[in-house]
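Below: the structure, in structure tokens.
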Amino acid sequence: MVGDSPSPRQRIELTCPECGHTQFEPAMVISTQCHGCRTHFQVRDGKAVVRQRSTVRLAKPQRESDPIPEPPPPPPPLRRVPALPTLRQRVLRWLFPPKPPREIACFDCGHHYTAAAEAQSSQCPRCCCYVSLLDYQIDGPWNRRIQTRGNVLILKGGVVSGCVIQCHHLTVLGELASPVDCSGDLLFCGHGKVMGSVKCQHLRIRRGARVEFFHPVTVASASIAGHVRGQFFCAGTLTLERRARLQGFIRAAAISVKPGANHIGTLEISQPDASQQDSRHED
């Protein structure tokens, strides 16, 4: 037959690998079907080969009595080795060392704890009270209450009156006519009349300052180098520096009067608090 005549350029002769039947297929064929047994086979390099079949293996069914296989152990955790600081980081750390944590006293329960030096607020771990750590600088009239464990600076043009100030360190260069409660130092560098009660850890009156207190002053220690008038209750030592002058009542655990200092008024020496004695014995 004319249709079955082979053409070497267009067709190739293939032999079925199953039944041996011979047939002609196009030269570019990849797979075909045997005309004799209807078996599919593949063509590789011009020759018929058995068609590859994918094999699926089923897992063995697990019985209830079989033990539960143990899971594979987890991979060991990766240990991150901390990177060594660079030379620049070490130089900056040496030039600008980190600030130590600050000690804070809660306003509500009085609990003492520490917080980061750069923090602007904190929370008491005992009573969960909010504690502000903001600093204030006052250069004009001020009559609003300040409650912070930060520092307060009253500049020469600042006038504070009609409010309560609770802070850590208070420096007075202007006028102060309000009650004060400091957990740190109270420093007077100018002249003024304090109308409210004063309570602080350490009172400092600079040389040349003239301060008059109209209400009792309660401190842990005091160092006076200027001219002062008032009533002082000191749990520790009250020191009158050279050429200092104090007029009023003093009750202190100890008093130190430098040459040239002068005190006019009543002086009482009291025993230090038991808490302070215990702290000294512990130290």
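A note on labels: chains of the structure tokens are A, B, ... as shown, every chain counts residues from 1, and ligands are counted from 1 in their shown order.
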
| Quick one: DSSP helix (DSSP H, G or I) residues in region 64-147 of chain A, as a ChimeraX atom specification? | /A:87-95

Those residues with N, CA and C atoms, as a PDB file, in the first residue's frame please?
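Contents of out.pdb, freshly written:
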```pdb
ATOM      1  N   LEU A  87      35.588  48.883  68.529  1.00  0.00           N
ATOM      2  CA  LEU A  87      36.465  49.857  69.178  1.00  0.00           C
ATOM      3  C   LEU A  87      35.737  51.175  69.407  1.00  0.00           C
ATOM      4  N   ARG A  88      34.919  51.584  68.445  1.00  0.00           N
ATOM      5  CA  ARG A  88      34.170  52.841  68.591  1.00  0.00           C
ATOM      6  C   ARG A  88      33.174  52.752  69.748  1.00  0.00           C
ATOM      7  N   GLN A  89      32.491  51.609  69.859  1.00  0.00           N
ATOM      8  CA  GLN A  89      31.546  51.441  70.956  1.00  0.00           C
ATOM      9  C   GLN A  89      32.249  51.459  72.305  1.00  0.00           C
ATOM     10  N   ARG A  90      33.418  50.844  72.391  1.00  0.00           N
ATOM     11  CA  ARG A  90      34.147  50.853  73.664  1.00  0.00           C
ATOM     12  C   ARG A  90      34.635  52.246  74.023  1.00  0.00           C
ATOM     13  N   VAL A  91      35.062  53.020  73.023  1.00  0.00           N
ATOM     14  CA  VAL A  91      35.516  54.382  73.301  1.00  0.00           C
ATOM     15  C   VAL A  91      34.348  55.252  73.760  1.00  0.00           C
ATOM     16  N   LEU A  92      33.192  55.132  73.083  1.00  0.00           N
ATOM     17  CA  LEU A  92      32.022  55.914  73.493  1.00  0.00           C
ATOM     18  C   LEU A  92      31.549  55.517  74.881  1.00  0.00           C
ATOM     19  N   ARG A  93      31.621  54.237  75.196  1.00  0.00           N
ATOM     20  CA  ARG A  93      31.211  53.806  76.533  1.00  0.00           C
ATOM     21  C   ARG A  93      32.168  54.323  77.594  1.00  0.00           C
ATOM     22  N   TRP A  94      33.442  54.436  77.226  1.00  0.00           N
ATOM     23  CA  TRP A  94      34.414  54.962  78.192  1.00  0.00           C
ATOM     24  C   TRP A  94      34.256  56.472  78.366  1.00  0.00           C
ATOM     25  N   LEU A  95      33.968  57.191  77.268  1.00  0.00           N
ATOM     26  CA  LEU A  95      33.796  58.640  77.362  1.00  0.00           C
ATOM     27  C   LEU A  95      32.460  59.019  77.995  1.00  0.00           C
TER      28      LEU A  95
END
```

| query | Which residues in region 14-133 of chain A does DSSP call strand (DSSP E)? List them as number ranges by chain. | reply | A: 14-15, 22-26, 31-33, 40-44, 47-50, 102-105, 112-115, 121-123, 130-132

Next, write the just-selected residues to a file, as a PDB file, in the first residue's frame, keeping C-alpha atoms as the atom set.
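again-v3.pdb, written as the output of this step:
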```pdb
ATOM      1  CA  LEU A  14       9.339   0.492  15.634  1.00  0.00           C
ATOM      2  CA  THR A  15       8.919  -2.988  17.103  1.00  0.00           C
ATOM      3  CA  THR A  22       6.317  -3.845  13.595  1.00  0.00           C
ATOM      4  CA  GLN A  23       4.899  -0.481  12.585  1.00  0.00           C
ATOM      5  CA  PHE A  24       6.033   2.879  11.253  1.00  0.00           C
ATOM      6  CA  GLU A  25       5.676   6.096  13.312  1.00  0.00           C
ATOM      7  CA  PRO A  26       6.762   9.721  12.782  1.00  0.00           C
ATOM      8  CA  SER A  31       5.230   7.514  22.837  1.00  0.00           C
ATOM      9  CA  THR A  32       2.640   5.555  20.880  1.00  0.00           C
ATOM     10  CA  GLN A  33       0.292   2.531  20.941  1.00  0.00           C
ATOM     11  CA  HIS A  40       1.447   1.791  25.087  1.00  0.00           C
ATOM     12  CA  PHE A  41       5.200   2.107  24.861  1.00  0.00           C
ATOM     13  CA  GLN A  42       7.743   4.917  24.747  1.00  0.00           C
ATOM     14  CA  VAL A  43      10.256   5.792  22.063  1.00  0.00           C
ATOM     15  CA  ARG A  44      13.816   6.667  22.987  1.00  0.00           C
ATOM     16  CA  LYS A  47      13.726   2.491  19.616  1.00  0.00           C
ATOM     17  CA  ALA A  48      10.603   1.269  21.384  1.00  0.00           C
ATOM     18  CA  VAL A  49      10.974   0.707  25.130  1.00  0.00           C
ATOM     19  CA  VAL A  50       8.552  -0.427  27.790  1.00  0.00           C
ATOM     20  CA  ARG A 102      17.973  56.314  90.286  1.00  0.00           C
ATOM     21  CA  GLU A 103      16.319  55.506  93.597  1.00  0.00           C
ATOM     22  CA  ILE A 104      12.620  56.349  93.813  1.00  0.00           C
ATOM     23  CA  ALA A 105      10.233  56.620  96.761  1.00  0.00           C
ATOM     24  CA  HIS A 112      11.825  52.551  97.739  1.00  0.00           C
ATOM     25  CA  TYR A 113      12.891  51.012  94.440  1.00  0.00           C
ATOM     26  CA  THR A 114      15.124  51.807  91.467  1.00  0.00           C
ATOM     27  CA  ALA A 115      14.379  52.838  87.889  1.00  0.00           C
ATOM     28  CA  SER A 121       7.841  57.780  84.455  1.00  0.00           C
ATOM     29  CA  SER A 122       7.637  54.662  86.567  1.00  0.00           C
ATOM     30  CA  GLN A 123       5.200  52.445  88.462  1.00  0.00           C
ATOM     31  CA  TYR A 130       2.115  56.044  88.855  1.00  0.00           C
ATOM     32  CA  VAL A 131       5.274  58.050  89.585  1.00  0.00           C
ATOM     33  CA  SER A 132       6.375  60.878  87.313  1.00  0.00           C
TER      34      SER A 132
END
```

| request: For Arg251 (chain A), work out the shell of residues within 7 Å, counting only C-alpha atoms and skipping chain neighbours fewer than 4 positions away, then give it as an MDAnalysis selection string. | output: chainID A and resid 232:234 267:270

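Put simply, CA of Ala261 (chain A) is 18.2 Å away from CA of Phe188 (chain A).
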
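Of note, CA of Leu155 (chain A) and CA of Pro98 (chain A) are spaced 28.4 Å apart.
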
| task | Excluding Ser221 (chain A) and residues on its chain fewer than 4 positions from it, collect all residues at most 8 Å away from it, counting only C-alpha atoms, and give them as a VMD selection string. | result | chain A and resid 201 to 203 234 to 238

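Comparing A:Ser223, A:Gln147, A:Gln10, A:Thr171 by their smallest distance to Asp108 (chain A), the closest is A:Gln147 (using only C-alpha atoms).
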
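Summary of the local environment: counting only C-alpha atoms, residues at most 6 Å from region 142-146 of chain A, other than itself and those fewer than 6 positions away along its chain, are Val160, Ser161, Gly162, Cys163, Val164, Ile165 and Gln166 of chain A.
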
| Can you list, as number ranges by chain, every protein, DNA or RNA residue that comes within 10 Å of Asp135 (chain A) when you count only C-alpha atoms, leaving out same-chain residues fewer than 4 positions away? | A: 120, 148-153, 167-169
